[in-house]
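**Q** My structure is stored as entry_8.pdb, with PDB, C-alpha atoms, pLDDT in the B column.
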ATOM      1  CA  MET N   1     -27.969  16.271  10.871  1.00 75.00           C
ATOM      2  CA  SER N   2     -24.613  17.770   9.995  1.00 94.00           C
ATOM      3  CA  SER N   3     -21.009  17.054  10.874  1.00 96.00           C
ATOM      4  CA  TYR N   4     -19.093  19.060  13.457  1.00 96.00           C
ATOM      5  CA  ILE N   5     -15.845  19.231  15.428  1.00 97.00           C
ATOM      6  CA  SER N   6     -16.145  18.473  19.135  1.00 96.00           C
ATOM      7  CA  GLY N   7     -13.858  18.478  22.157  1.00 96.00           C
ATOM      8  CA  ALA N   8     -11.091  20.533  20.558  1.00 96.00           C
ATOM      9  CA  THR N   9      -8.420  21.017  23.220  1.00 96.00           C
ATOM     10  CA  LEU N  10      -4.893  22.361  23.058  1.00 95.00           C
ATOM     11  CA  GLU N  11      -2.446  21.376  25.813  1.00 95.00           C
ATOM     12  CA  LYS N  12       1.078  22.663  26.456  1.00 92.00           C
ATOM     13  CA  SER N  13       4.172  20.898  27.740  1.00 90.00           C
ATOM     14  CA  GLN N  14       5.326  23.796  29.967  1.00 90.00           C
ATOM     15  CA  ASP N  15       4.232  27.245  31.185  1.00 91.00           C
ATOM     16  CA  THR N  16       7.331  29.175  30.087  1.00 90.00           C
ATOM     17  CA  VAL N  17       9.584  28.794  27.077  1.00 90.00           C
ATOM     18  CA  ARG N  18      12.990  30.252  26.189  1.00 89.00           C
ATOM     19  CA  PRO N  19      14.187  30.916  22.608  1.00 87.00           C
ATOM     20  CA  ASP N  20      16.514  27.874  22.686  1.00 88.00           C
ATOM     21  CA  GLN N  21      13.832  25.515  24.066  1.00 88.00           C
ATOM     22  CA  PRO N  22      11.310  23.410  22.179  1.00 91.00           C
ATOM     23  CA  LEU N  23       7.626  23.700  23.038  1.00 90.00           C
ATOM     24  CA  THR N  24       5.309  20.753  22.565  1.00 93.00           C
ATOM     25  CA  LEU N  25       1.595  21.310  22.047  1.00 94.00           C
ATOM     26  CA  ASN N  26      -0.939  18.506  21.938  1.00 96.00           C
ATOM     27  CA  LEU N  27      -4.080  19.127  19.867  1.00 96.00           C
ATOM     28  CA  SER N  28      -6.981  16.713  20.126  1.00 97.00           C
ATOM     29  CA  PHE N  29     -10.503  16.766  18.706  1.00 97.00           C
ATOM     30  CA  LYS N  30     -13.196  14.506  17.247  1.00 97.00           C
ATOM     31  CA  ILE N  31     -15.200  14.784  14.067  1.00 97.00           C
ATOM     32  CA  GLU N  32     -18.760  13.817  14.914  1.00 96.00           C
ATOM     33  CA  GLY N  33     -22.208  13.843  13.374  1.00 96.00           C
ATOM     34  CA  ALA N  34     -23.413  12.834   9.925  1.00 95.00           C
ATOM     35  CA  ILE N  35     -20.080  11.736   8.432  1.00 96.00           C
ATOM     36  CA  ARG N  36     -19.212   9.511  11.402  1.00 96.00           C
ATOM     37  CA  ASP N  37     -22.689   7.941  11.331  1.00 96.00           C
ATOM     38  CA  ALA N  38     -22.496   7.365   7.550  1.00 96.00           C
ATOM     39  CA  PHE N  39     -19.034   5.761   7.697  1.00 97.00           C
ATOM     40  CA  VAL N  40     -20.308   2.215   8.345  1.00 97.00           C
ATOM     41  CA  GLN N  41     -19.859  -1.157   6.666  1.00 96.00           C
ATOM     42  CA  LYS N  42     -23.161  -1.256   4.729  1.00 96.00           C
ATOM     43  CA  ASN N  43     -22.292   2.112   3.126  1.00 96.00           C
ATOM     44  CA  TRP N  44     -18.746   0.898   2.379  1.00 96.00           C
ATOM     45  CA  GLU N  45     -20.208  -2.056   0.494  1.00 96.00           C
ATOM     46  CA  LYS N  46     -22.626   0.125  -1.531  1.00 96.00           C
ATOM     47  CA  ALA N  47     -19.839   2.586  -2.355  1.00 96.00           C
ATOM     48  CA  TYR N  48     -17.394  -0.209  -3.285  1.00 96.00           C
ATOM     49  CA  ASN N  49     -19.966  -1.697  -5.682  1.00 96.00           C
ATOM     50  CA  LYS N  50     -20.130   1.735  -7.403  1.00 96.00           C
ATOM     51  CA  HIS N  51     -16.286   1.905  -7.624  1.00 96.00           C
ATOM     52  CA  ASP N  52     -16.183   4.615  -4.932  1.00 96.00           C
ATOM     53  CA  ASN N  53     -13.463   2.920  -2.879  1.00 95.00           C
ATOM     54  CA  GLY N  54     -11.512   5.768  -1.312  1.00 96.00           C
ATOM     55  CA  PHE N  55     -12.185   8.539   1.190  1.00 97.00           C
ATOM     56  CA  ARG N  56      -9.801  11.464   1.680  1.00 97.00           C
ATOM     57  CA  MET N  57     -10.148  14.024   4.437  1.00 97.00           C
ATOM     58  CA  THR N  58      -7.955  17.139   4.593  1.00 97.00           C
ATOM     59  CA  ILE N  59      -7.294  18.694   7.998  1.00 97.00           C
ATOM     60  CA  GLU N  60      -5.841  22.206   8.201  1.00 97.00           C
ATOM     61  CA  VAL N  61      -4.752  23.647  11.543  1.00 97.00           C
ATOM     62  CA  GLU N  62      -3.451  27.133  12.291  1.00 96.00           C
ATOM     63  CA  VAL N  63      -1.879  27.569  15.718  1.00 94.00           C
ATOM     64  CA  LYS N  64      -2.341  31.230  16.595  1.00 94.00           C
ATOM     65  CA  SER N  65      -1.201  33.663  19.248  1.00 90.00           C
ATOM     66  CA  GLY N  66      -3.974  36.247  19.185  1.00 87.00           C
ATOM     67  CA  ARG N  67      -4.475  36.914  15.471  1.00 90.00           C
ATOM     68  CA  LYS N  68      -0.943  35.984  14.393  1.00 91.00           C
ATOM     69  CA  THR N  69      -0.494  32.534  12.877  1.00 93.00           C
ATOM     70  CA  ILE N  70       2.543  30.836  14.388  1.00 92.00           C
ATOM     71  CA  VAL N  71       2.338  27.409  12.759  1.00 92.00           C
ATOM     72  CA  PRO N  72       0.163  26.391   9.801  1.00 95.00           C
ATOM     73  CA  LEU N  73      -0.287  22.614   9.470  1.00 95.00           C
ATOM     74  CA  LYS N  74      -1.980  20.519   6.828  1.00 96.00           C
ATOM     75  CA  PHE N  75      -2.380  16.765   6.949  1.00 95.00           C
ATOM     76  CA  VAL N  76      -4.540  14.107   5.336  1.00 96.00           C
ATOM     77  CA  ARG N  77      -6.405  11.045   6.579  1.00 97.00           C
ATOM     78  CA  LYS N  78      -7.450   8.403   4.063  1.00 97.00           C
ATOM     79  CA  ALA N  79      -9.652   5.342   4.026  1.00 97.00           C
ATOM     80  CA  ALA N  80      -9.430   2.671   1.337  1.00 97.00           C
ATOM     81  CA  LEU N  81     -12.230   0.157   0.782  1.00 97.00           C
ATOM     82  CA  PHE N  82     -11.117  -3.286  -0.338  1.00 96.00           C
ATOM     83  CA  TRP N  83     -12.304  -6.847  -0.861  1.00 95.00           C
ATOM     84  CA  THR N  84     -11.189  -8.974   2.080  1.00 92.00           C
ATOM     85  CA  ARG N  85     -10.931 -12.645   2.931  1.00 90.00           C
ATOM     86  CA  ASN N  86      -9.797 -12.071   6.504  1.00 88.00           C
ATOM     87  CA  PRO N  87     -11.451 -14.787   8.651  1.00 91.00           C
ATOM     88  CA  LYS N  88     -11.723 -12.345  11.597  1.00 90.00           C
ATOM     89  CA  ILE N  89     -13.986 -10.027   9.558  1.00 91.00           C
ATOM     90  CA  PRO N  90     -17.471 -11.311   8.680  1.00 91.00           C
ATOM     91  CA  TYR N  91     -17.909  -8.986   5.651  1.00 93.00           C
ATOM     92  CA  ARG N  92     -16.587  -9.131   2.095  1.00 93.00           C
ATOM     93  CA  VAL N  93     -15.806  -5.369   1.846  1.00 96.00           C
ATOM     94  CA  TRP N  94     -13.712  -3.751   4.561  1.00 97.00           C
ATOM     95  CA  VAL N  95     -11.619  -0.632   5.144  1.00 97.00           C
ATOM     96  CA  SER N  96      -8.018   0.303   5.849  1.00 97.00           C
ATOM     97  CA  ILE N  97      -7.175   3.687   7.355  1.00 97.00           C
ATOM     98  CA  VAL N  98      -4.018   5.654   6.517  1.00 97.00           C
ATOM     99  CA  LYS N  99      -3.073   7.947   9.372  1.00 94.00           C
ATOM    100  CA  ASP N 100       0.284   9.787   9.456  1.00 91.00           C
ATOM    101  CA  GLU N 101       1.513   7.763   6.449  1.00 92.00           C
ATOM    102  CA  THR N 102       0.907   4.470   8.317  1.00 95.00           C
ATOM    103  CA  PRO N 103      -1.821   2.023   7.224  1.00 97.00           C
ATOM    104  CA  TYR N 104      -4.080   0.497   9.890  1.00 97.00           C
ATOM    105  CA  TYR N 105      -6.426  -2.457   9.477  1.00 95.00           C
ATOM    106  CA  PRO N 106      -9.193  -2.096  12.074  1.00 96.00           C
ATOM    107  CA  LEU N 107     -11.248  -5.123  13.114  1.00 95.00           C
ATOM    108  CA  THR N 108     -14.456  -3.215  14.014  1.00 96.00           C
ATOM    109  CA  VAL N 109     -16.420  -0.335  12.492  1.00 96.00           C
ATOM    110  CA  GLU N 110     -15.976   1.649  15.730  1.00 97.00           C
ATOM    111  CA  GLU N 111     -12.193   1.223  15.552  1.00 97.00           C
ATOM    112  CA  ALA N 112     -12.208   2.405  11.912  1.00 97.00           C
ATOM    113  CA  GLN N 113     -14.278   5.480  12.856  1.00 97.00           C
ATOM    114  CA  SER N 114     -11.957   6.246  15.750  1.00 97.00           C
ATOM    115  CA  LEU N 115      -8.802   5.937  13.611  1.00 97.00           C
ATOM    116  CA  LEU N 116     -10.241   8.207  10.919  1.00 97.00           C
ATOM    117  CA  PHE N 117     -12.200  10.797  12.900  1.00 97.00           C
ATOM    118  CA  ASP N 118     -10.386  11.114  16.270  1.00 97.00           C
ATOM    119  CA  VAL N 119      -7.393  13.412  15.904  1.00 96.00           C
ATOM    120  CA  ASN N 120      -4.471  13.602  18.349  1.00 96.00           C
ATOM    121  CA  LYS N 121      -1.691  15.707  16.890  1.00 95.00           C
ATOM    122  CA  VAL N 122       1.596  16.621  18.556  1.00 95.00           C
ATOM    123  CA  ILE N 123       2.842  20.017  17.380  1.00 93.00           C
ATOM    124  CA  GLU N 124       6.501  20.915  17.952  1.00 92.00           C
ATOM    125  CA  LEU N 125       7.360  24.618  18.194  1.00 88.00           C
ATOM    126  CA  SER N 126      10.583  26.402  18.886  1.00 86.00           C
ATOM    127  CA  GLY N 127      10.838  29.132  21.504  1.00 84.00           C
ATOM    128  CA  LYS N 128      12.137  31.352  18.672  1.00 87.00           C
ATOM    129  CA  ASP N 129       8.652  31.291  17.111  1.00 86.00           C
ATOM    130  CA  LEU N 130       7.239  33.339  19.997  1.00 87.00           C
ATOM    131  CA  ALA N 131       8.124  36.928  20.870  1.00 86.00           C
ATOM    132  CA  SER N 132       8.930  37.414  24.556  1.00 88.00           C
ATOM    133  CA  GLY N 133       5.913  38.103  26.757  1.00 89.00           C
ATOM    134  CA  ALA N 134       2.576  36.473  27.509  1.00 91.00           C
ATOM    135  CA  HIS N 135       0.767  34.491  24.806  1.00 92.00           C
ATOM    136  CA  ARG N 136      -2.675  32.961  24.489  1.00 93.00           C
ATOM    137  CA  LEU N 137      -2.374  30.129  21.984  1.00 94.00           C
ATOM    138  CA  SER N 138      -5.323  28.500  20.231  1.00 95.00           C
ATOM    139  CA  ALA N 139      -5.862  26.419  17.100  1.00 96.00           C
ATOM    140  CA  ASP N 140      -8.255  27.137  14.243  1.00 97.00           C
ATOM    141  CA  ILE N 141      -9.297  23.843  12.630  1.00 97.00           C
ATOM    142  CA  ARG N 142     -10.770  23.243   9.165  1.00 97.00           C
ATOM    143  CA  VAL N 143     -11.711  19.786   7.924  1.00 97.00           C
ATOM    144  CA  SER N 144     -12.968  19.011   4.422  1.00 97.00           C
ATOM    145  CA  TRP N 145     -13.819  16.028   2.233  1.00 97.00           C
ATOM    146  CA  GLY N 146     -15.337  15.436  -1.194  1.00 96.00           C
ATOM    147  CA  ARG N 147     -18.459  13.807  -2.583  1.00 96.00           C
ATOM    148  CA  HIS N 148     -18.945  10.087  -2.050  1.00 95.00           C
ATOM    149  CA  ASP N 149     -21.806   7.631  -2.281  1.00 94.00           C
ATOM    150  CA  TYR N 150     -22.549   8.198   1.429  1.00 94.00           C
ATOM    151  CA  THR N 151     -21.748  11.937   1.836  1.00 95.00           C
ATOM    152  CA  GLU N 152     -21.779  15.315   0.102  1.00 95.00           C
ATOM    153  CA  PRO N 153     -18.677  17.550  -0.133  1.00 95.00           C
ATOM    154  CA  THR N 154     -18.354  19.286   3.208  1.00 96.00           C
ATOM    155  CA  GLU N 155     -16.122  21.726   5.042  1.00 97.00           C
ATOM    156  CA  ILE N 156     -16.435  22.140   8.809  1.00 97.00           C
ATOM    157  CA  SER N 157     -14.443  24.306  11.175  1.00 96.00           C
ATOM    158  CA  GLY N 158     -13.814  24.696  14.869  1.00 96.00           C
ATOM    159  CA  LYS N 159     -11.571  26.359  17.400  1.00 96.00           C
ATOM    160  CA  SER N 160      -9.630  24.771  20.247  1.00 96.00           C
ATOM    161  CA  SER N 161      -9.432  25.882  23.846  1.00 94.00           C
ATOM    162  CA  GLU N 162      -6.792  28.485  24.679  1.00 94.00           C
ATOM    163  CA  VAL N 163      -3.577  27.897  26.603  1.00 94.00           C
ATOM    164  CA  GLU N 164      -1.579  30.642  28.242  1.00 93.00           C
ATOM    165  CA  LEU N 165       2.195  30.652  28.362  1.00 91.00           C
ATOM    166  CA  ARG N 166       5.059  33.071  28.737  1.00 89.00           C
ATOM    167  CA  ALA N 167       8.034  33.399  26.416  1.00 86.00           C
ATOM    168  CA  VAL N 168      11.164  34.682  28.165  1.00 86.00           C
ATOM    169  CA  ALA N 169      14.305  36.034  26.530  1.00 76.00           C
TER     170      ALA N 169
END
Using structure tokens, write down the structure from this file.

**A**
Amino acid sequence: MSSYISGATLEKSQDTVRPDQPLTLNLSFKIEGAIRDAFVQKNWEKAYNKHDNGFRMTIEVEVKSGRKTIVPLKFVRKAALFWTRNPKIPYRVWVSIVKDETPYYPLTVEEAQSLLFDVNKVIELSGKDLASGAHRLSADIRVSWGRHDYTEPTEISGKSSEVELRAVA
């Protein structure tokens, strides 16, 4: 089984945009498959015992109008494995997730998977970025991570749904 991107959708804040207006796009998708299934507590413990206590995932997004790239984005999600004495967690090795520069301490494996592998990104554009006329916007997505005790180095890609909007002068 391999990893893949599912449910990639791009949503817009309005149907028309002027050069002096901001445009907000909302991109959401999930990373599913082998990596999500392997990112569980028993694998965290094995990896931690082998001093493999970090996971870094790079997400690159290109918002495009046709073939022209309007906004390139690159962001990182990280997971850090650590020894815990939290009485709410029945395991000795647990995980913290760093998402948008903010650390999170999930209480369940499912919450950790959701924080790391479910992406909801708000993309701010300016009306100046679009030439006047009709546009079909979509997002090309590439996600990659390196070798760990529970996974091989992988790069997966996907494409979001398209949204139509009109830029007016």

**Q** So what does the PyMOL selection byres ((chain N and resi 97) around 6) actually pick up in this one, as number ranges by chain?

**A** N: 78-79, 96, 98, 103-104

**Q** List every residue of segment 34-86 of chain N that has an atom at most 12 Å from any atom of segment 6-16 of chain N, giving for each one its closest atom pair and the distance in Å to one decimal, counting all atoms listed in the file, sorted by chain and then by ascending residue number, as a Markdown table.

**A**
| residue | atom | partner | partner_atom | distance |
| --- | --- | --- | --- | --- |
| N:Val61 | CA | N:Ala8 | CA | 11.5 |
| N:Glu62 | CA | N:Leu10 | CA | 11.9 |
| N:Val63 | CA | N:Leu10 | CA | 9.5 |
| N:Lys64 | CA | N:Leu10 | CA | 11.3 |

**Q** Within 7 Å of segment 81-91 of chain N, counting only C-alpha atoms, which residues qualify if same-chain residues fewer than 3 places away don't, as a list in words?

**A**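 The contact residues come out as Trp44, Tyr48, Asn53, Gly54, Trp94, Val95, Ser96 and Leu107 of chain N.
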
**Q** Which residues, written as a PyMOL selection string, have at least one atom at most 8 Å from segment 127-137 of chain N, with all atoms listed in the file counted and residues fewer than 2 positions away on the same chain left out?

**A** chain N and resi 17-23+63-66+70+125+139+162-169

**Q** Show which residues sit within 10 Å of His51 of chain N, as a PDB file with C-alpha atoms, in the frame of the given file. Count all atoms listed in the file, and ignore same-chain residues fewer than 5 positions away.

**A**
ATOM      1  CA  GLU N  45     -20.208  -2.056   0.494  1.00 96.00           C
ATOM      2  CA  LYS N  46     -22.626   0.125  -1.531  1.00 96.00           C
ATOM      3  CA  LEU N  81     -12.230   0.157   0.782  1.00 97.00           C
ATOM      4  CA  ASP N 149     -21.806   7.631  -2.281  1.00 94.00           C
TER       5      ASP N 149
END

**Q** What's around Glu110 of chain N at 12 Å? Count only C-alpha atoms, leave out sequence neighbours fewer than 5 positions away in its own chain, and write the answer as a ChimeraX atom specification.

**A** /N:36-41,95,115-118

**Q** Within 12 Å of Ala34 of chain N, counting only C-alpha atoms, which residues show up once you throw out same-chain ones fewer than 6 positions away? Write them as a VMD selection string, please.

**A** chain N and resid 1 to 5 40 117 150 to 152 154 156

**Q** Please define a box with edges along x, y and z of the file around all atoms of segment 98-103 of chain N given in the file, extend it by 6 Å on each side, and return its centre and edge lengths in Å to one decimal, as lines of an AutoDock Vina configuration file.

**A**
center_x = -1.3
center_y = 5.9
center_z = 8.0
size_x = 17.5
size_y = 19.8
size_z = 15.0

**Q** For each of N:Thr69, N:Ser126, N:Ser160, N:Gln113, take the minimum atom-to-atom distance to Leu27 of chain N, counting only C-alpha atoms, then give the residue where this is smallest.

**A** N:Ser160

**Q** One decimal, Å: what's the distance from atom CA of Arg67 of chain N over to atom CA of Lys159 of chain N, could you say?

**A**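 Computing the Euclidean distance for atom CA of Arg67 of chain N and atom CA of Lys159 of chain N yields 12.9 Å.
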